[in-house]
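Here the structure is laid out as structure tokens; the discussion comes afterwards.
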Amino acid sequence: MTSSDTIHLTGGIDVGNGYVKGMILNTDTETRDRIDLPSAIVATPRQSPKVPIDDSEAVQVMEDAEQDFYNRLDASLSSPLVSDSDRRIFGRAALSVRGSVFDEFEVHDGHASKADQQLSKILVLGVFAAKALRDYVRQNGALPDHELRVEVRAGLALPISEFVTRRYGYASEFVGSQGTAVHLVTIKNFNTPVSVRLEFVDVQVEAEGASAQFAITEKGEPLAKALLTDLRSRELNFLPDITGADLVAAQNTIGIDVGEGTVNFPVFTAGRFNAEAASTLDMGYGSILENALDRQDEADLRFTSRKQLADFLQTIPTALQRGRHQRAQRLVEPDVKHLVEQIRRAFDETLSQSGESTEVVYVYGGGSGPIKDELYPELIKTAGDVPVLYLDARYSRHLNREGLFLAAKAAQEAADQAASGDKTSRASRKRTTAAS
């Protein structure tokens, strides 16, 4: 690869309030990375917060799945989307850096739009830059001695309430008003800093939750069968007469996408996203955790972030942790009941808006797992004879990224087809001119 070469990336990045879930394809090498990191960064002083890695270890770092380069990215950014050039550490590495400014999404009532929070843009730019460098090193066996130039096609998401009014503006921020925005990410994990120049040629913005439904539909009967098999392994006699083909054929659906900061209710009518009936509840599982942190002195607990509390609650406690675990559960219990009631009410309203045609309800998202025992019975009761499929959060939390990747890939294929048709048309005109 020479300095004049351009790397082409197509990716779906689901920037959640809790985690970033992504899938990025290098269309030059056909290498595909699946990304999962906490939606958190720390801003550090310009001097190095830690000893950089020797350049000779770059190949090992990029291939080491346990180290996970995306979760240890150390970079500064120069971009119209970022107000400063501070050095930032991403993902899980950010959770253990001392003496720095920790940044995660606001999830309290009245929090700023995700489209307006700088963090969402930093996370998107960071993961695309990390993918470009990772692929270069894997292909060439060493760090580059030049700036990497990258063209990006991206699928991104906004909560339904923001999607309706902000999708075009959010996309144009990455692309630029004239398609000329340049975002420079300088990666500083190694002794030699590497500059990655990102230019977005296309950004597709979808509604959160709706993109998950796209993935379910696009992946078709194999995924639908797998969903039913998984559900029936945990709930005997679950919809025994329903097949994967029945789910794929459903044209009128409601999704309940439980996240950390929002719960989205995407509605599909006659196979198309129905923005009029869809809605967003402006609270989520992270709201519960934030409220619990404010009261943790009452339970003699000392968690420093909602992420720390969430991880503790979802881990089977040891004998020595059992007392603290029980206190933490009691701490969040009142807020779980409140969130469940708010979701139930919002679902009831959405169901009324979508009419009697609704065929199936899907429940998914990273925040759906911890509240399943309380939420599932309420949804079944509210849904009546409409079947409710409560998907396992271990895989359902990735459905949005799958749908966003499909949107970005479809845009890429359409652009390739248009370019191919244009070349064919020009060649045809040349032949006609020559013949005449």
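By order of appearance in the structure tokens: chains A, B, ..., then residues from 1 within every chain, and ligands from 1 in the order shown.
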Q: Please identify all polymer residues within 12 Å of Leu375 of chain A, counting only C-alpha atoms, omitting same-chain residues fewer than 6 positions from it, and present them as a ChimeraX atom specification.
A: /A:256,258,285,336-345,347,363-364,367-369,381-382,388,390
Q | Shell of 10 Å around Ser172 of chain A, only C-alpha atoms, local chain residues under 3 positions omitted, as a PyMOL selection string | A | chain A and resi 167-169+175-179+181+200+202-204
Write out the residues from the selection above, keeping N, CA and C atoms, as a PDB file, in the first residue's frame.
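Once everything was written out, this is part_36.pdb:
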```pdb
ATOM      1  N   ARG A 167     -32.433  13.760  11.568  1.00  0.00           N
ATOM      2  CA  ARG A 167     -31.637  12.779  10.820  1.00  0.00           C
ATOM      3  C   ARG A 167     -30.789  13.407   9.719  1.00  0.00           C
ATOM      4  N   TYR A 168     -31.343  14.364   8.968  1.00  0.00           N
ATOM      5  CA  TYR A 168     -30.584  14.936   7.854  1.00  0.00           C
ATOM      6  C   TYR A 168     -29.461  15.839   8.368  1.00  0.00           C
ATOM      7  N   GLY A 169     -29.743  16.614   9.396  1.00  0.00           N
ATOM      8  CA  GLY A 169     -28.722  17.482   9.959  1.00  0.00           C
ATOM      9  C   GLY A 169     -27.590  16.688  10.583  1.00  0.00           C
ATOM     10  N   VAL A 175     -20.640  14.494   6.927  1.00  0.00           N
ATOM     11  CA  VAL A 175     -20.276  14.620   5.509  1.00  0.00           C
ATOM     12  C   VAL A 175     -19.771  16.026   5.197  1.00  0.00           C
ATOM     13  N   GLY A 176     -20.351  17.042   5.833  1.00  0.00           N
ATOM     14  CA  GLY A 176     -20.037  18.424   5.521  1.00  0.00           C
ATOM     15  C   GLY A 176     -21.057  18.993   4.558  1.00  0.00           C
ATOM     16  N   SER A 177     -21.282  20.289   4.624  1.00  0.00           N
ATOM     17  CA  SER A 177     -22.316  20.906   3.792  1.00  0.00           C
ATOM     18  C   SER A 177     -22.070  20.718   2.305  1.00  0.00           C
ATOM     19  N   GLN A 178     -20.797  20.690   1.903  1.00  0.00           N
ATOM     20  CA  GLN A 178     -20.461  20.472   0.491  1.00  0.00           C
ATOM     21  C   GLN A 178     -19.800  19.111   0.286  1.00  0.00           C
ATOM     22  N   GLY A 179     -19.938  18.231   1.275  1.00  0.00           N
ATOM     23  CA  GLY A 179     -19.303  16.923   1.170  1.00  0.00           C
ATOM     24  C   GLY A 179     -17.794  16.986   1.313  1.00  0.00           C
ATOM     25  N   ALA A 181     -16.108  17.766   4.490  1.00  0.00           N
ATOM     26  CA  ALA A 181     -15.618  17.730   5.872  1.00  0.00           C
ATOM     27  C   ALA A 181     -14.503  16.702   6.025  1.00  0.00           C
ATOM     28  N   PHE A 200     -16.296  11.214   5.096  1.00  0.00           N
ATOM     29  CA  PHE A 200     -17.544  10.469   4.984  1.00  0.00           C
ATOM     30  C   PHE A 200     -18.194  10.799   3.629  1.00  0.00           C
ATOM     31  N   ASP A 202     -20.955   9.062   2.601  1.00  0.00           N
ATOM     32  CA  ASP A 202     -22.388   8.842   2.755  1.00  0.00           C
ATOM     33  C   ASP A 202     -22.684   8.439   4.195  1.00  0.00           C
ATOM     34  N   VAL A 203     -23.748   9.005   4.765  1.00  0.00           N
ATOM     35  CA  VAL A 203     -24.195   8.620   6.103  1.00  0.00           C
ATOM     36  C   VAL A 203     -25.696   8.391   6.059  1.00  0.00           C
ATOM     37  N   GLN A 204     -26.105   7.171   6.392  1.00  0.00           N
ATOM     38  CA  GLN A 204     -27.520   6.818   6.498  1.00  0.00           C
ATOM     39  C   GLN A 204     -27.901   6.842   7.968  1.00  0.00           C
TER      40      GLN A 204
END
```
Q: Can you work out the spacing between atom CA of Gly11 of chain A and atom CA of Arg88 of chain A in Å, to one decimal?
A: 22.0 Å
Q. Running DSSP on the backbone, which parts of segment 204-344 of chain A land in helix (DSSP H, G or I), as a PyMOL selection string?
A. chain A and resi 210-234+244-249+285-294+296-299+306-313+322-344
Each segment 107-203 of chain A residue no farther than 10 Å from segment 267-278 of chain A, nearest pair in Å, only C-alpha atoms, as CSV:
```
residue,atom,partner,partner_atom,distance
A:Ile160,CA,A:Ala278,CA,7.1
A:Ser161,CA,A:Ala278,CA,8.5
A:Phe163,CA,A:Ala275,CA,9.2
A:Val164,CA,A:Ala275,CA,7.3
```
Identify, on the basis of only C-alpha atoms, every residue whose closest approach to Ser357 of chain A does not exceed 10 Å; exclude the query and any residue fewer than 4 positions from it along the same chain; express the result as a short mmCIF file (atom, residue, chain, number, x, y, z; two decimals) with all heavy atoms, in the first residue's frame.
```cif
data_model
loop_
_atom_site.label_atom_id
_atom_site.label_comp_id
_atom_site.auth_asym_id
_atom_site.auth_seq_id
_atom_site.Cartn_x
_atom_site.Cartn_y
_atom_site.Cartn_z
N GLN A 251 -45.98 -8.24 8.65
CA GLN A 251 -45.79 -6.90 8.09
C GLN A 251 -46.15 -5.80 9.08
O GLN A 251 -45.84 -4.63 8.85
CB GLN A 251 -46.67 -6.74 6.84
CG GLN A 251 -46.29 -7.65 5.69
CD GLN A 251 -45.03 -7.17 4.99
OE1 GLN A 251 -45.02 -6.12 4.36
NE2 GLN A 251 -43.96 -7.94 5.11
N ASN A 252 -46.82 -6.17 10.17
CA ASN A 252 -47.29 -5.18 11.14
C ASN A 252 -46.74 -5.54 12.52
O ASN A 252 -47.25 -6.45 13.18
CB ASN A 252 -48.82 -5.16 11.16
CG ASN A 252 -49.41 -4.87 9.78
OD1 ASN A 252 -49.37 -3.76 9.29
ND2 ASN A 252 -49.93 -5.92 9.14
N THR A 253 -45.70 -4.84 12.93
CA THR A 253 -44.98 -5.21 14.14
C THR A 253 -44.71 -3.99 15.02
O THR A 253 -44.70 -2.85 14.56
CB THR A 253 -43.63 -5.88 13.81
OG1 THR A 253 -42.79 -4.92 13.15
CG2 THR A 253 -43.82 -7.09 12.91
N THR A 269 -45.89 -0.72 9.75
CA THR A 269 -47.23 -0.94 9.21
C THR A 269 -47.11 -1.28 7.74
O THR A 269 -46.49 -0.54 6.97
CB THR A 269 -48.09 0.33 9.38
OG1 THR A 269 -48.12 0.70 10.77
CG2 THR A 269 -49.51 0.08 8.90
N ALA A 270 -47.68 -2.42 7.35
CA ALA A 270 -47.57 -2.90 5.97
C ALA A 270 -46.11 -2.95 5.52
O ALA A 270 -45.78 -2.65 4.38
CB ALA A 270 -48.38 -2.02 5.02
N LEU A 351 -49.60 0.61 21.12
CA LEU A 351 -50.48 -0.44 20.62
C LEU A 351 -51.80 0.15 20.14
O LEU A 351 -52.34 -0.27 19.10
CB LEU A 351 -50.72 -1.47 21.73
CG LEU A 351 -51.23 -2.85 21.35
CD1 LEU A 351 -50.27 -3.55 20.40
CD2 LEU A 351 -51.41 -3.70 22.61
N VAL A 386 -51.90 -10.57 21.24
CA VAL A 386 -50.76 -10.31 20.34
C VAL A 386 -49.52 -10.96 20.96
O VAL A 386 -49.17 -10.66 22.10
CB VAL A 386 -50.52 -8.81 20.15
CG1 VAL A 386 -49.31 -8.57 19.25
CG2 VAL A 386 -51.76 -8.13 19.58
#
```
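Excluding segment 143-152 of chain A itself and any same-chain residue fewer than 6 positions from it, the protein and nucleic acid residues within 7 Å of it, counting only C-alpha atoms, are Ser3, Thr6, Ile7, His8, Leu9, Thr10, Asp55, Ala58, Val137, Val194, Ser195, Val196, Arg197, Leu198, Glu199, Phe200 and Val201 of chain A.
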Q. Got a sec: who's within 10 Å of segment 77-79 of chain A, counting only C-alpha atoms, leaving out chain neighbours fewer than 6 positions off, as a ChimeraX atom specification?
A. /A:85-88,121-122,125-126,174,181-187,195-198
Any chance you could export the current selection's N, CA and C atoms as a JSON list (two decimals), in the first residue's frame?
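So the final result, stored in again_18.json, reads:
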```json
[["chain", "number", "residue", "atom", "x", "y", "z"],
["A", 85, "SER", "N", -8.76, 19.47, 20.97],
["A", 85, "SER", "CA", -7.86, 18.42, 20.48],
["A", 85, "SER", "C", -7.26, 17.63, 21.63],
["A", 86, "ASP", "N", -7.98, 17.56, 22.76],
["A", 86, "ASP", "CA", -7.49, 16.79, 23.91],
["A", 86, "ASP", "C", -7.28, 15.32, 23.53],
["A", 87, "ARG", "N", -6.38, 14.71, 24.25],
["A", 87, "ARG", "CA", -6.14, 13.28, 24.07],
["A", 87, "ARG", "C", -7.25, 12.51, 24.78],
["A", 88, "ARG", "N", -7.73, 11.46, 24.13],
["A", 88, "ARG", "CA", -8.83, 10.69, 24.71],
["A", 88, "ARG", "C", -8.54, 9.20, 24.68],
["A", 121, "LYS", "N", -20.12, 11.71, 18.45],
["A", 121, "LYS", "CA", -19.29, 11.90, 17.26],
["A", 121, "LYS", "C", -17.87, 11.40, 17.50],
["A", 122, "ILE", "N", -17.36, 11.65, 18.70],
["A", 122, "ILE", "CA", -16.01, 11.18, 19.02],
["A", 122, "ILE", "C", -15.93, 9.66, 18.92],
["A", 125, "LEU", "N", -15.98, 8.55, 15.15],
["A", 125, "LEU", "CA", -14.71, 8.83, 14.48],
["A", 125, "LEU", "C", -13.61, 7.89, 14.99],
["A", 126, "GLY", "N", -13.61, 7.64, 16.30],
["A", 126, "GLY", "CA", -12.58, 6.79, 16.88],
["A", 126, "GLY", "C", -12.59, 5.37, 16.36],
["A", 174, "PHE", "N", -21.33, 14.95, 9.59],
["A", 174, "PHE", "CA", -20.19, 14.08, 9.27],
["A", 174, "PHE", "C", -19.69, 14.32, 7.85],
["A", 181, "ALA", "N", -16.11, 17.77, 4.49],
["A", 181, "ALA", "CA", -15.62, 17.73, 5.87],
["A", 181, "ALA", "C", -14.50, 16.70, 6.02],
["A", 182, "VAL", "N", -13.45, 17.09, 6.71],
["A", 182, "VAL", "CA", -12.31, 16.21, 6.97],
["A", 182, "VAL", "C", -12.14, 16.06, 8.48],
["A", 183, "HIS", "N", -11.96, 14.83, 8.92],
["A", 183, "HIS", "CA", -11.82, 14.53, 10.35],
["A", 183, "HIS", "C", -10.48, 13.82, 10.53],
["A", 184, "LEU", "N", -9.59, 14.45, 11.27],
["A", 184, "LEU", "CA", -8.25, 13.88, 11.46],
["A", 184, "LEU", "C", -8.15, 13.28, 12.85],
["A", 185, "VAL", "N", -7.85, 11.97, 12.90],
["A", 185, "VAL", "CA", -7.69, 11.25, 14.17],
["A", 185, "VAL", "C", -6.23, 10.83, 14.27],
["A", 186, "THR", "N", -5.55, 11.27, 15.31],
["A", 186, "THR", "CA", -4.15, 10.90, 15.52],
["A", 186, "THR", "C", -4.09, 9.85, 16.63],
["A", 187, "ILE", "N", -3.71, 8.64, 16.26],
["A", 187, "ILE", "CA", -3.68, 7.52, 17.20],
["A", 187, "ILE", "C", -2.32, 7.47, 17.88],
["A", 195, "SER", "N", -1.53, 9.24, 11.89],
["A", 195, "SER", "CA", -2.64, 10.11, 11.51],
["A", 195, "SER", "C", -3.58, 9.37, 10.56],
["A", 196, "VAL", "N", -4.86, 9.46, 10.85],
["A", 196, "VAL", "CA", -5.88, 8.84, 10.00],
["A", 196, "VAL", "C", -6.86, 9.94, 9.58],
["A", 197, "ARG", "N", -6.96, 10.16, 8.26],
["A", 197, "ARG", "CA", -7.83, 11.19, 7.71],
["A", 197, "ARG", "C", -9.13, 10.55, 7.23],
["A", 198, "LEU", "N", -10.23, 10.88, 7.90],
["A", 198, "LEU", "CA", -11.53, 10.29, 7.57],
["A", 198, "LEU", "C", -12.36, 11.28, 6.75]]
```
